[in-house]
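So this one's model-v3.cif, mmCIF, C-alpha atoms:
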```cif
data_coords
loop_
_atom_site.label_atom_id
_atom_site.label_comp_id
_atom_site.auth_asym_id
_atom_site.auth_seq_id
_atom_site.Cartn_x
_atom_site.Cartn_y
_atom_site.Cartn_z
CA MET T 1 98.62 70.78 118.11
CA HIS T 2 97.70 68.32 115.34
CA ARG T 3 100.50 67.07 113.09
CA LYS T 4 98.96 68.66 109.98
CA THR T 5 98.64 72.00 111.74
CA GLY T 6 102.24 71.76 112.96
CA GLN T 7 103.46 71.09 109.42
CA SER T 8 101.47 74.03 108.06
CA VAL T 9 102.87 76.37 110.71
CA ALA T 10 106.40 75.13 109.99
CA ALA T 11 105.85 75.78 106.29
CA LEU T 12 104.54 79.25 107.08
CA MET T 13 107.58 80.02 109.25
CA PHE T 14 109.92 78.99 106.42
CA LEU T 15 108.05 81.01 103.80
CA LEU T 16 107.82 84.08 106.00
CA ALA T 17 111.49 83.89 106.96
CA PHE T 18 112.40 83.69 103.26
CA THR T 19 110.10 86.58 102.38
CA VAL T 20 111.39 88.91 105.08
CA SER T 21 115.06 88.05 104.55
CA THR T 22 114.77 88.48 100.78
CA PHE T 23 113.17 91.90 101.02
CA ALA T 24 114.55 92.91 104.41
CA HIS T 25 115.51 96.46 103.53
CA ASP T 26 112.09 97.45 102.29
CA ALA T 27 109.99 95.29 104.56
CA PRO T 28 108.93 96.71 107.91
CA VAL T 29 111.38 95.85 110.67
CA GLN T 30 110.82 92.43 112.22
CA LEU T 31 109.33 93.07 115.63
CA PRO T 32 110.36 91.43 118.89
CA PRO T 33 107.79 89.10 120.49
CA PRO T 34 105.04 91.09 122.25
CA GLN T 35 105.26 91.40 126.03
CA SER T 36 101.53 91.69 126.80
CA PRO T 37 98.13 90.86 125.23
CA GLY T 38 97.70 94.57 124.46
CA GLU T 39 100.97 94.70 122.55
CA ALA T 40 100.12 91.50 120.68
CA TRP T 41 96.78 92.94 119.59
CA ASN T 42 98.44 96.21 118.60
CA VAL T 43 100.65 94.27 116.19
CA ILE T 44 97.77 92.15 114.90
CA GLU T 45 95.41 95.10 114.35
CA GLN T 46 97.98 97.35 112.67
CA SER T 47 99.36 94.58 110.47
CA ARG T 48 95.83 93.47 109.52
CA ASP T 49 94.97 97.03 108.44
CA ASN T 50 98.26 97.19 106.54
CA ILE T 51 97.40 94.03 104.62
CA ASP T 52 94.03 95.53 103.70
CA LEU T 53 95.86 98.61 102.36
CA LEU T 54 98.47 96.55 100.52
CA ILE T 55 95.78 94.51 98.75
CA SER T 56 93.92 97.66 97.68
CA GLU T 57 97.16 99.16 96.32
CA ASN T 58 98.20 95.82 94.71
CA LEU T 59 101.44 95.81 96.72
CA MET T 60 101.44 92.05 97.10
CA ARG T 61 105.18 91.72 97.77
CA ASP T 62 104.86 93.25 101.23
CA VAL T 63 101.99 91.06 102.47
CA GLY T 64 104.45 88.44 103.73
CA ALA T 65 106.23 90.90 106.03
CA GLN T 66 102.92 91.81 107.68
CA LEU T 67 102.01 88.13 108.07
CA ALA T 68 105.35 87.57 109.80
CA ASN T 69 104.45 90.19 112.41
CA ILE T 70 100.97 88.74 112.91
CA SER T 71 102.23 85.17 113.18
CA THR T 72 104.67 86.07 115.98
CA ALA T 73 101.91 87.89 117.88
CA LEU T 74 99.42 85.03 117.48
CA ARG T 75 101.94 82.44 118.65
CA VAL T 76 102.62 84.23 121.94
CA LEU T 77 99.07 85.50 122.51
CA PRO T 78 97.78 82.29 124.19
CA VAL T 79 100.77 82.27 126.56
CA LEU T 80 100.29 85.94 127.43
CA SER T 81 96.56 85.30 127.96
CA ALA T 82 96.88 82.53 130.55
CA ALA T 83 94.89 84.63 133.04
CA ASN T 84 92.09 85.31 130.55
CA PRO T 85 88.90 83.39 131.49
CA HIS T 86 88.67 82.27 127.85
CA ALA T 87 92.26 80.95 127.76
CA ALA T 88 91.31 77.51 126.39
CA GLU T 89 89.16 78.96 123.61
CA ILE T 90 91.89 81.48 122.76
CA ASN T 91 94.37 78.65 122.30
CA GLU T 92 91.94 76.78 120.03
CA LEU T 93 91.25 79.81 117.82
CA ALA T 94 94.82 81.12 117.50
CA ALA T 95 96.39 78.00 115.92
CA PRO T 96 94.01 77.80 112.89
CA LEU T 97 94.57 81.52 112.24
CA ILE T 98 98.31 80.92 111.97
CA THR T 99 97.70 77.95 109.67
CA ALA T 100 95.40 80.04 107.45
CA GLU T 101 98.23 82.51 106.91
CA VAL T 102 99.89 79.90 104.67
CA GLY T 103 97.01 80.27 102.22
CA LEU T 104 97.19 84.05 102.44
CA LEU T 105 100.90 84.08 101.69
CA ARG T 106 100.57 81.65 98.78
CA ALA T 107 97.70 83.67 97.32
CA SER T 108 99.82 86.85 97.47
CA ARG T 109 102.56 85.03 95.52
CA ASP T 110 100.21 83.48 92.95
CA SER T 111 101.18 84.20 89.36
CA THR T 112 97.57 84.74 88.23
CA ASN T 113 95.43 87.45 89.78
CA PRO T 114 97.03 87.47 93.25
CA GLN T 115 95.09 90.58 94.26
CA ALA T 116 91.66 88.93 93.95
CA LYS T 117 92.79 85.62 95.46
CA THR T 118 94.47 87.29 98.42
CA ASN T 119 91.47 89.51 99.01
CA ALA T 120 89.15 86.49 99.17
CA ALA T 121 91.42 84.57 101.53
CA PHE T 122 91.94 87.68 103.63
CA GLY T 123 88.19 88.16 104.06
CA ASP T 124 87.78 84.63 105.44
CA TRP T 125 90.78 85.13 107.74
CA CYS T 126 89.35 88.38 109.13
CA GLU T 127 86.07 86.64 109.98
CA SER T 128 87.99 84.08 112.03
CA LEU T 129 90.05 86.82 113.69
CA ALA T 130 86.86 88.58 114.79
CA LYS T 131 85.91 85.51 116.86
CA LEU T 132 89.25 85.67 118.68
CA GLU T 133 88.97 89.43 119.13
CA ALA T 134 85.59 89.03 120.86
CA LEU T 135 87.28 87.18 123.75
CA TYR T 136 89.22 90.28 124.82
CA PRO T 137 88.21 93.63 126.36
CA THR T 138 88.04 96.51 123.89
CA GLU T 139 90.86 98.38 125.63
CA VAL T 140 93.17 95.39 125.09
CA VAL T 141 92.30 94.89 121.42
CA HIS T 142 92.78 98.59 120.65
CA ALA T 143 95.79 99.21 122.90
CA GLU T 144 98.42 101.69 121.71
CA ILE T 145 102.13 101.00 122.05
CA TYR T 146 104.61 103.76 122.81
CA ILE T 147 108.31 103.53 122.01
CA CYS T 148 111.50 105.55 122.35
CA PRO T 149 112.65 107.16 119.05
CA MET T 150 116.23 106.21 119.93
CA HIS T 151 115.45 102.75 121.38
CA PRO T 152 112.39 101.45 119.48
CA PHE T 153 112.44 98.05 121.18
CA ASP T 154 111.73 99.71 124.54
CA ARG T 155 107.93 99.36 124.44
CA HIS T 156 105.31 100.75 126.83
CA LEU T 157 101.52 100.82 127.13
CA ASN T 158 101.52 104.09 129.08
CA PRO T 159 102.23 107.19 126.93
CA ASN T 160 103.47 109.06 130.01
CA ASP T 161 106.28 106.58 130.66
CA LYS T 162 109.87 107.44 129.79
CA CYS T 163 112.39 105.32 127.92
CA SER T 164 113.84 102.72 130.28
CA ILE T 165 117.27 103.20 128.67
CA CYS T 166 117.72 106.94 128.09
CA GLY T 167 114.73 108.60 129.79
CA MET T 168 113.46 110.19 126.55
CA ALA T 169 109.76 110.93 126.04
CA LEU T 170 107.91 108.24 124.10
CA VAL T 171 106.06 108.38 120.76
CA ARG T 172 103.22 106.22 119.50
CA ARG T 173 104.42 103.26 117.46
CA HIS T 174 103.26 103.08 113.88
CA LEU T 175 103.95 99.97 111.79
CA PRO T 176 104.42 100.97 108.15
CA ALA T 177 102.61 98.99 105.51
CA SER T 178 105.30 99.08 102.86
CA GLY T 179 108.81 100.16 102.08
CA ILE T 180 108.03 100.13 98.36
CA TYR T 181 105.34 102.78 98.36
CA GLN T 182 103.12 104.00 101.13
CA LYS T 183 100.26 106.27 100.24
CA PRO T 184 100.93 109.41 102.27
CA GLY T 185 98.60 110.05 105.15
CA GLN T 186 96.37 113.08 105.18
CA PRO T 187 98.43 116.15 106.13
CA THR T 188 98.14 116.80 109.84
CA MET T 189 99.88 120.15 109.58
CA LYS T 190 99.95 123.21 107.34
CA LEU T 191 103.04 124.32 105.47
CA THR T 192 103.43 128.01 104.60
CA ILE T 193 106.44 129.64 102.98
CA THR T 194 107.76 133.18 103.20
CA SER T 195 110.08 133.97 100.32
CA PRO T 196 110.94 136.78 97.89
CA GLN T 197 110.02 136.22 94.26
CA LEU T 198 112.40 133.71 92.73
CA VAL T 199 115.01 134.96 90.26
CA VAL T 200 116.89 132.44 88.13
CA GLY T 201 120.43 131.95 89.36
CA GLN T 202 120.08 134.07 92.50
CA PRO T 203 120.23 132.48 95.98
CA VAL T 204 117.21 133.22 98.14
CA ALA T 205 116.71 132.84 101.90
CA VAL T 206 113.45 131.00 102.62
CA ILE T 207 111.51 130.67 105.87
CA MET T 208 108.96 127.88 106.08
CA HIS T 209 106.44 127.50 108.88
CA LEU T 210 104.87 124.24 110.04
CA ALA T 211 101.67 124.47 112.08
CA LYS T 212 99.43 121.79 113.57
CA SER T 213 95.72 121.62 112.74
CA ASP T 214 94.96 123.78 115.79
CA GLY T 215 97.41 126.46 114.60
CA SER T 216 100.11 125.74 117.17
CA PRO T 217 103.69 125.50 115.85
CA VAL T 218 105.32 122.20 114.98
CA ARG T 219 108.52 122.16 116.97
CA PHE T 220 111.60 120.23 115.95
CA GLU T 221 111.01 117.75 118.79
CA ASP T 222 107.51 117.06 117.40
CA LEU T 223 109.04 115.27 114.39
CA ILE T 224 110.65 111.83 114.05
CA GLU T 225 114.04 111.46 112.40
CA VAL T 226 113.92 109.39 109.21
CA HIS T 227 117.07 108.67 107.19
CA THR T 228 119.17 110.91 109.47
CA LYS T 229 116.93 113.99 109.04
CA LYS T 230 113.64 115.20 110.53
CA ILE T 231 112.55 117.24 107.49
CA HIS T 232 113.25 116.33 103.88
CA LEU T 233 112.26 119.03 101.38
CA LEU T 234 111.80 117.73 97.82
CA ILE T 235 111.80 120.79 95.56
CA ASN T 236 111.31 121.01 91.80
CA ASP T 237 110.13 123.47 89.15
CA ARG T 238 107.09 122.90 86.95
CA SER T 239 109.22 121.49 84.11
CA LEU T 240 110.51 118.86 86.57
CA SER T 241 114.09 119.57 85.51
CA ASP T 242 115.62 121.30 88.56
CA TYR T 243 115.34 118.99 91.55
CA HIS T 244 116.75 119.97 94.98
CA HIS T 245 116.82 117.86 98.17
CA VAL T 246 117.07 120.27 101.10
CA HIS T 247 117.06 119.93 104.90
CA PRO T 248 115.95 123.13 106.67
CA THR T 249 117.16 124.03 110.14
CA PRO T 250 114.98 125.29 113.02
CA THR T 251 115.12 128.99 113.86
CA THR T 252 114.62 130.63 117.24
CA LYS T 253 110.90 131.04 116.46
CA PRO T 254 108.91 127.84 117.15
CA GLY T 255 107.61 126.28 113.94
CA ASP T 256 109.91 128.31 111.67
CA TYR T 257 112.64 126.60 109.64
CA ALA T 258 115.17 128.23 107.32
CA PHE T 259 117.00 127.15 104.17
CA MET T 260 118.82 128.65 101.18
CA PHE T 261 117.73 127.90 97.65
CA THR T 262 119.01 128.84 94.18
CA PRO T 263 116.51 128.27 91.32
CA LEU T 264 117.97 127.41 87.92
CA ARG T 265 114.69 127.54 86.00
CA PRO T 266 112.00 130.23 85.59
CA GLY T 267 108.60 130.08 87.25
CA PRO T 268 107.39 128.93 90.67
CA TYR T 269 108.74 125.85 92.42
CA ARG T 270 106.76 123.25 94.36
CA VAL T 271 108.01 122.19 97.79
CA TRP T 272 107.11 118.81 99.28
CA ALA T 273 107.88 118.56 103.00
CA ASP T 274 108.42 114.88 103.80
CA VAL T 275 107.87 114.57 107.58
CA VAL T 276 106.75 112.07 110.21
CA PRO T 277 104.92 113.69 113.16
CA SER T 278 105.71 111.97 116.45
CA ASP T 279 102.07 112.02 117.58
CA SER T 280 100.95 109.84 114.67
CA GLY T 281 104.12 108.12 113.47
CA ILE T 282 102.69 108.28 109.93
CA GLN T 283 104.61 109.77 107.03
CA ALA T 284 102.94 112.84 105.53
CA TYR T 285 103.70 115.16 102.64
CA ASP T 286 102.82 118.82 103.07
CA ILE T 287 102.92 121.02 99.97
CA ALA T 288 103.56 124.72 99.34
CA ASP T 289 104.89 126.76 96.42
CA LEU T 290 107.77 129.19 96.09
CA PRO T 291 106.48 132.20 94.08
CA ALA T 292 108.07 133.73 90.98
CA ASP T 293 107.27 136.64 88.64
CA THR T 294 108.25 134.59 85.61
CA ALA T 295 106.14 131.93 83.89
CA ALA T 296 106.95 128.28 84.37
CA GLY T 297 108.57 126.40 81.54
CA PRO T 298 106.83 123.34 80.05
CA ILE T 299 107.99 119.74 80.25
CA THR T 300 109.83 119.66 76.95
CA ASP T 301 111.56 116.28 77.06
CA ARG T 302 108.97 113.52 77.44
CA GLN T 303 110.75 110.73 75.63
CA THR T 304 111.50 107.71 77.81
CA ARG T 305 115.16 107.83 78.85
CA THR T 306 116.69 105.10 80.99
CA SER T 307 120.34 106.04 80.57
CA THR T 308 122.05 109.28 81.49
CA VAL T 309 125.63 110.53 81.84
CA VAL T 310 126.63 112.73 84.78
CA ASP T 311 130.23 113.83 85.37
CA GLY T 312 131.47 111.23 82.92
CA ARG T 313 129.69 108.34 84.64
CA THR T 314 126.83 106.46 82.97
CA PHE T 315 123.74 105.65 85.01
CA ALA T 316 121.71 102.88 83.33
CA LEU T 317 118.21 102.01 84.58
CA LYS T 318 116.48 98.72 83.79
CA PHE T 319 113.10 97.37 84.96
CA GLN T 320 112.01 93.74 85.01
CA THR T 321 109.10 94.25 82.64
CA GLY T 322 110.43 92.50 79.56
CA ASP T 323 109.02 94.26 76.53
CA ALA T 324 105.91 95.46 78.38
CA PRO T 325 105.43 99.14 79.31
CA LEU T 326 106.10 100.22 82.88
CA PRO T 327 102.65 99.90 84.56
CA ALA T 328 100.96 102.01 87.20
CA GLY T 329 99.67 100.35 90.35
CA GLN T 330 102.07 97.39 90.27
CA THR T 331 105.41 96.66 91.90
CA VAL T 332 108.35 96.28 89.53
CA ILE T 333 111.98 95.55 90.37
CA GLY T 334 114.39 98.13 88.98
CA THR T 335 118.19 98.14 88.83
CA ILE T 336 120.58 101.04 88.32
CA THR T 337 124.11 100.24 87.15
CA ILE T 338 126.83 102.89 87.25
CA THR T 339 129.80 102.74 84.87
CA GLY T 340 132.85 104.99 85.01
CA ALA T 341 134.42 106.81 82.06
CA ASP T 342 136.88 103.90 81.82
CA GLY T 343 134.02 101.51 81.08
CA LYS T 344 134.39 99.70 84.40
CA GLY T 345 131.69 99.34 87.05
CA PHE T 346 131.87 102.16 89.57
CA THR T 347 132.18 100.98 93.19
CA GLY T 348 132.74 104.26 95.03
CA LEU T 349 129.20 105.12 96.15
CA GLU T 350 129.38 106.76 99.60
CA PRO T 351 126.71 106.76 102.32
CA VAL T 352 124.16 109.55 101.97
CA MET T 353 121.42 109.99 104.59
CA GLY T 354 121.69 106.42 105.82
CA ALA T 355 121.61 104.76 102.38
CA PHE T 356 123.74 104.35 99.28
CA ALA T 357 121.14 106.04 97.05
CA HIS T 358 117.86 107.91 97.19
CA LEU T 359 115.38 107.84 94.31
CA VAL T 360 112.79 110.59 94.06
CA GLY T 361 110.12 110.73 91.36
CA PHE T 362 107.85 113.62 90.38
CA SER T 363 104.64 113.08 88.37
CA GLU T 364 103.56 115.65 85.84
CA ASP T 365 100.25 116.16 87.66
CA GLY T 366 102.09 117.84 90.55
CA LYS T 367 100.15 115.68 93.02
CA SER T 368 102.36 112.61 93.41
CA VAL T 369 105.91 112.22 94.62
CA LEU T 370 107.93 109.05 95.27
CA HIS T 371 110.82 108.65 97.72
CA ILE T 372 112.49 105.24 97.34
CA HIS T 373 115.63 103.58 98.68
CA PRO T 374 117.57 100.55 97.42
CA TYR T 375 117.05 97.24 99.15
CA GLY T 376 119.92 95.09 100.29
CA ARG T 377 122.98 96.16 102.25
CA ASP T 378 122.81 99.50 104.05
CA PRO T 379 125.95 101.43 105.02
CA THR T 380 127.17 100.78 108.53
CA GLY T 381 129.70 103.61 108.66
CA PRO T 382 131.10 106.55 106.68
CA ALA T 383 133.89 104.44 105.19
CA ASP T 384 131.50 101.97 103.54
CA ARG T 385 131.33 101.95 99.74
CA ALA T 386 128.97 100.32 97.25
CA GLY T 387 128.37 99.80 93.53
CA PRO T 388 128.34 99.31 90.67
CA ALA T 389 124.67 98.25 90.78
CA PHE T 390 121.78 98.37 93.22
CA ALA T 391 118.19 97.19 93.02
CA PHE T 392 114.99 98.80 94.25
CA LYS T 393 111.25 98.22 94.17
CA PHE T 394 109.34 100.72 92.09
CA TYR T 395 105.62 101.49 92.34
CA ALA T 396 104.00 104.29 90.36
CA PRO T 397 100.59 105.27 91.77
CA ALA T 398 99.37 107.03 88.60
CA THR T 399 99.77 106.96 84.82
CA GLY T 400 101.53 109.66 82.82
CA PHE T 401 104.98 111.21 82.65
CA LEU T 402 107.30 110.86 85.64
CA ARG T 403 110.82 112.15 86.10
CA LEU T 404 112.89 109.96 88.40
CA TYR T 405 116.09 111.24 90.01
CA CYS T 406 118.81 109.01 91.44
CA GLN T 407 120.75 110.84 94.16
CA VAL T 408 124.10 109.40 95.23
CA GLN T 409 127.21 110.77 96.89
CA ILE T 410 130.63 110.55 95.24
CA ASP T 411 133.82 112.14 96.61
CA GLY T 412 131.77 114.01 99.20
CA ALA T 413 129.46 115.65 96.64
CA ASN T 414 125.82 114.92 95.81
CA VAL T 415 125.21 113.69 92.27
CA PHE T 416 121.74 113.69 90.66
CA ALA T 417 121.02 111.46 87.65
CA PRO T 418 117.63 112.08 85.95
CA PHE T 419 115.53 109.54 84.03
CA ASN T 420 112.32 109.97 82.01
CA LEU T 421 109.56 107.42 82.54
CA ASN T 422 106.16 107.13 80.89
CA ILE T 423 103.81 105.15 83.12
CA ALA T 424 101.20 103.03 81.35
CA PRO T 425 97.79 101.95 82.69
CA PRO T 426 97.90 98.86 84.93
CA ALA T 427 98.55 95.62 83.09
CA THR T 428 96.10 92.75 83.31
CA GLN T 429 98.78 90.55 84.85
CA PRO T 430 101.68 91.62 87.11
CA SER T 431 104.82 92.64 85.26
CA ALA T 432 107.09 90.78 87.66
CA PRO T 433 106.61 87.64 89.72
CA GLN T 434 104.84 88.42 92.97
#
```
Re-express the file's structure as structure tokens.
Amino acid sequence: MHRKTGQSVAALMFLLAFTVSTFAHDAPVQLPPPQSPGEAWNVIEQSRDNIDLLISENLMRDVGAQLANISTALRVLPVLSAANPHAAEINELAAPLITAEVGLLRASRDSTNPQAKTNAAFGDWCESLAKLEALYPTEVVHAEIYICPMHPFDRHLNPNDKCSICGMALVRRHLPASGIYQKPGQPTMKLTITSPQLVVGQPVAVIMHLAKSDGSPVRFEDLIEVHTKKIHLLINDRSLSDYHHVHPTPTTKPGDYAFMFTPLRPGPYRVWADVVPSDSGIQAYDIADLPADTAAGPITDRQTRTSTVVDGRTFALKFQTGDAPLPAGQTVIGTITITGADGKGFTGLEPVMGAFAHLVGFSEDGKSVLHIHPYGRDPTGPADRAGPAFAFKFYAPATGFLRLYCQVQIDGANVFAPFNLNIAPPATQPSAPQ
């Protein structure tokens, strides 16, 4: 390897290590080195497609995490391809691709128009990648990797294998593009709900049914556990003022799941089922409505509110936008600080579903929902505590009114703190450094 190339690769390794460590909670998990050419290409292809998506969504902060995955795969690919008849050419093509990632990463961090600059550099990089791809059989380039849900580092090329550690059936590995915001995949299942008409203040037993596209039931084992649960139901009324986070339980009938629900507002409620099917590994939101005889109330409070008091504690929300409005289509760092009635920072946040907080946002159009987690330290056990502040990356996909709820657990009880946000059209320049 030439000295200049070696220096560029070393610089890339430093930048990528900094990027991933800085945003480790929200970045996709750093992968172990691939064990075969097929696995290396699986990482390269998925991460390449993720970068394409991130550029289109202007999620430039997560490009570095994808480049880290690609760089590891490209570095081991020539070694894993020693038996390939084009081994020498593979070695020659792989090194410049790694070097070119330095330019990609720097473009994604540029302070002026990073989206356009990264897109241009990415196009050139993809042309070079196509030359390397042509040296491999199609089945290697498009290989699928199958992992154990409980032991994700146990990787296999054969979907019929079992986990080498626990013997569990495998699922196809999907590498997420972003932990900030990932545009939900097209629903691969249908959600239907059987429920009496809602009456304000009265508990109601609800049965929901999940079916695949062919009509067969979605069994509990067909779903992947995410944040300690396989199904997260995000429920709210049309005024966006009565949010519930519910986890239904499977019944004896395949595909049927039950939960109890008490509406506090008139009108129908919308249910978002946040699930990850094991056959795709891609997060999907399936939507259905709970019916009511009464009319829905309007959104009456639209004024921006970034501070709220719940049970005597003040929840204060601040975004790194300066004096600029909160823009759609751009990543912004937000911080929530919790102060007790005594005026001191509150440090008693308990673990809830594998995190110290969950943030869920509902847009007024009824078509968008956000489910965000803080970045930084995650709880490692039930005795862990956190506070008084935590940061998160916020990305609003659309303009208009959005109600954001912060869900935390204090003294064993769930606490919901609401905020009102008015999302402006995208700014010409990013609101926060990329």
What separates atom CA of Ala328 of chain T and atom CA of Ala424 of chain T is a distance of 5.9 Å
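Residues in contact with Leu404 of chain T at up to 9 Å, not including ones fewer than 3 positions away on its chain and judged by all atoms listed in the file, are Leu359, Val360, Gly361, Phe362, Ser363, Leu370, Ala417, Pro418, Phe419, Asn420 and Leu421 of chain T.
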Keeping only C-alpha atoms, write those residues as a tab-separated table (two decimals), keeping the file's coordinate frame.
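Contents of the output file result_33.tsv:
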```
chain	number	residue	atom	x	y	z
T	359	LEU	CA	115.38	107.84	94.31
T	360	VAL	CA	112.79	110.59	94.06
T	361	GLY	CA	110.12	110.73	91.36
T	362	PHE	CA	107.85	113.62	90.38
T	363	SER	CA	104.64	113.08	88.37
T	370	LEU	CA	107.93	109.05	95.27
T	417	ALA	CA	121.02	111.46	87.65
T	418	PRO	CA	117.63	112.08	85.95
T	419	PHE	CA	115.53	109.54	84.03
T	420	ASN	CA	112.32	109.97	82.01
T	421	LEU	CA	109.56	107.42	82.54
```
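Residue nearest Pro217 of chain T, chosen from T:Leu233, T:Leu74, T:Leu191, T:Ala87 and counting only C-alpha atoms: T:Leu191.
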Practice item. Taking the file above as input, evaluate the PyMOL selection byres ((chain T and resi 299-302) around 9) and report the hits as number ranges by chain. Key: T: 238-241, 297-298, 303-305, 364, 401-403, 420-422
Box for segment 299-318 of chain T: with edges along x, y and z, all listed atoms inside and 5 Å added on each side, what are the centre and edge lengths in Å to one decimal, as lines of an AutoDock Vina configuration file?
```
center_x = 119.7
center_y = 109.2
center_z = 80.5
size_x = 33.5
size_y = 31.0
size_z = 19.7
```
* Asked: If the PyMOL selection byres ((chain T and resi 140-151) around 6) is run on the structure shown, which residues does it catch, given as a PyMOL selection string?
  -> chain T and resi 38+41-42+137-139+152-157+159+163+170-173
Mind pulling up the distance from atom CA of Ala357 of chain T to atom CA of Gln66 of chain T?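 Distance reported for this atom pair: 25.4 Å.
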Closest pair table for segment 203-246 of chain T residues within 9 Å of segment 255-259 of chain T, all atoms listed in the file, as a Markdown table:
```
| residue | atom | partner | partner_atom | distance |
| --- | --- | --- | --- | --- |
| T:Val204 | CA | T:Phe259 | CA | 8.6 |
| T:Ala205 | CA | T:Phe259 | CA | 6.1 |
| T:Val206 | CA | T:Phe259 | CA | 5.5 |
| T:Ile207 | CA | T:Ala258 | CA | 4.6 |
| T:Met208 | CA | T:Tyr257 | CA | 5.3 |
| T:His209 | CA | T:Asp256 | CA | 4.5 |
| T:Leu210 | CA | T:Gly255 | CA | 5.2 |
| T:Ala211 | CA | T:Gly255 | CA | 6.5 |
| T:Ser216 | CA | T:Gly255 | CA | 8.2 |
| T:Pro217 | CA | T:Gly255 | CA | 4.4 |
| T:Val218 | CA | T:Gly255 | CA | 4.8 |
| T:Arg219 | CA | T:Gly255 | CA | 5.2 |
| T:Phe220 | CA | T:Gly255 | CA | 7.5 |
| T:Val246 | CA | T:Phe259 | CA | 7.5 |
```
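Here atom CA of Pro327 of chain T and atom CA of Tyr243 of chain T stand 24.0 Å from one another.
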Which residues are close to segment 379-396 of chain T, i.e. within 7 Å by all atoms listed in the file, leaving aside same-chain residues fewer than 2 positions away? Reply as a PDB file with C-alpha atoms, keeping the file's coordinate frame.
```pdb
ATOM      1  CA  ILE T 180     108.030 100.130  98.360  1.00  0.00           C
ATOM      2  CA  TYR T 181     105.340 102.780  98.360  1.00  0.00           C
ATOM      3  CA  ALA T 328     100.960 102.010  87.200  1.00  0.00           C
ATOM      4  CA  GLY T 329      99.670 100.350  90.350  1.00  0.00           C
ATOM      5  CA  GLN T 330     102.070  97.390  90.270  1.00  0.00           C
ATOM      6  CA  THR T 331     105.410  96.660  91.900  1.00  0.00           C
ATOM      7  CA  VAL T 332     108.350  96.280  89.530  1.00  0.00           C
ATOM      8  CA  ILE T 333     111.980  95.550  90.370  1.00  0.00           C
ATOM      9  CA  GLY T 334     114.390  98.130  88.980  1.00  0.00           C
ATOM     10  CA  THR T 335     118.190  98.140  88.830  1.00  0.00           C
ATOM     11  CA  ILE T 336     120.580 101.040  88.320  1.00  0.00           C
ATOM     12  CA  THR T 337     124.110 100.240  87.150  1.00  0.00           C
ATOM     13  CA  ILE T 338     126.830 102.890  87.250  1.00  0.00           C
ATOM     14  CA  THR T 339     129.800 102.740  84.870  1.00  0.00           C
ATOM     15  CA  GLY T 345     131.690  99.340  87.050  1.00  0.00           C
ATOM     16  CA  PHE T 346     131.870 102.160  89.570  1.00  0.00           C
ATOM     17  CA  THR T 347     132.180 100.980  93.190  1.00  0.00           C
ATOM     18  CA  GLY T 348     132.740 104.260  95.030  1.00  0.00           C
ATOM     19  CA  LEU T 349     129.200 105.120  96.150  1.00  0.00           C
ATOM     20  CA  GLU T 350     129.380 106.760  99.600  1.00  0.00           C
ATOM     21  CA  PRO T 351     126.710 106.760 102.320  1.00  0.00           C
ATOM     22  CA  GLY T 354     121.690 106.420 105.820  1.00  0.00           C
ATOM     23  CA  ALA T 355     121.610 104.760 102.380  1.00  0.00           C
ATOM     24  CA  PHE T 356     123.740 104.350  99.280  1.00  0.00           C
ATOM     25  CA  HIS T 373     115.630 103.580  98.680  1.00  0.00           C
ATOM     26  CA  PRO T 374     117.570 100.550  97.420  1.00  0.00           C
ATOM     27  CA  TYR T 375     117.050  97.240  99.150  1.00  0.00           C
ATOM     28  CA  ARG T 377     122.980  96.160 102.250  1.00  0.00           C
ATOM     29  CA  ALA T 398      99.370 107.030  88.600  1.00  0.00           C
TER      30      ALA T 398
END
```
Between T:Lys162, T:Lys253, T:Lys190, T:Arg265, smallest distance to Asn236 of chain T by only C-alpha atoms belongs to T:Arg265
Once the PyMOL selection byres ((chain T and resi 94-97) around 9) has been evaluated on this model, what residues remain selected, and can you format them as a VMD selection string?
chain T and resid 1 5 9 71 74 to 75 77 to 78 89 to 93 98 to 101 125 128 to 129 132
Find the residue from T:Glu39, T:Asp365, T:Asp323, T:Asp311 that sits nearest to Asn414 of chain T; use all atoms listed in the file when measuring.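 Answer, going by the shortest atom-to-atom distance: T:Asp311.
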Margin query: For Ser56 of chain T, find every residue with an atom within 12 Å (counting all atoms listed in the file), except residues of its own chain fewer than 3 positions away, and show them as a PyMOL selection string.
Written below: chain T and resi 49-53+59-60+63+114-116+118-119+122+177+182-183+329-330+397
For Lys117 of chain T, which of T:Asp161, T:Lys229, T:Ile410, T:Gly103 is the closest residue, counting all atoms listed in the file?
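Using all atoms listed in the file, Lys117 of chain T sits closest to T:Gly103.
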**Message:** List as an NGL selection string the residues having at least one atom at most 6 Å from position (100.0, 88.9, 125.4) as given in the file, counting only C-alpha atoms.
**Reply:** :T and (35-37 or 40 or 77 or 80-81)
Kindly save the residues from that selection, with C-alpha atoms included, as a short mmCIF file (atom, residue, chain, number, x, y, z; two decimals), in the coordinates of the input.
```
data_model
loop_
_atom_site.label_atom_id
_atom_site.label_comp_id
_atom_site.auth_asym_id
_atom_site.auth_seq_id
_atom_site.Cartn_x
_atom_site.Cartn_y
_atom_site.Cartn_z
CA GLN T 35 105.26 91.40 126.03
CA SER T 36 101.53 91.69 126.80
CA PRO T 37 98.13 90.86 125.23
CA ALA T 40 100.12 91.50 120.68
CA LEU T 77 99.07 85.50 122.51
CA LEU T 80 100.29 85.94 127.43
CA SER T 81 96.56 85.30 127.96
#
```
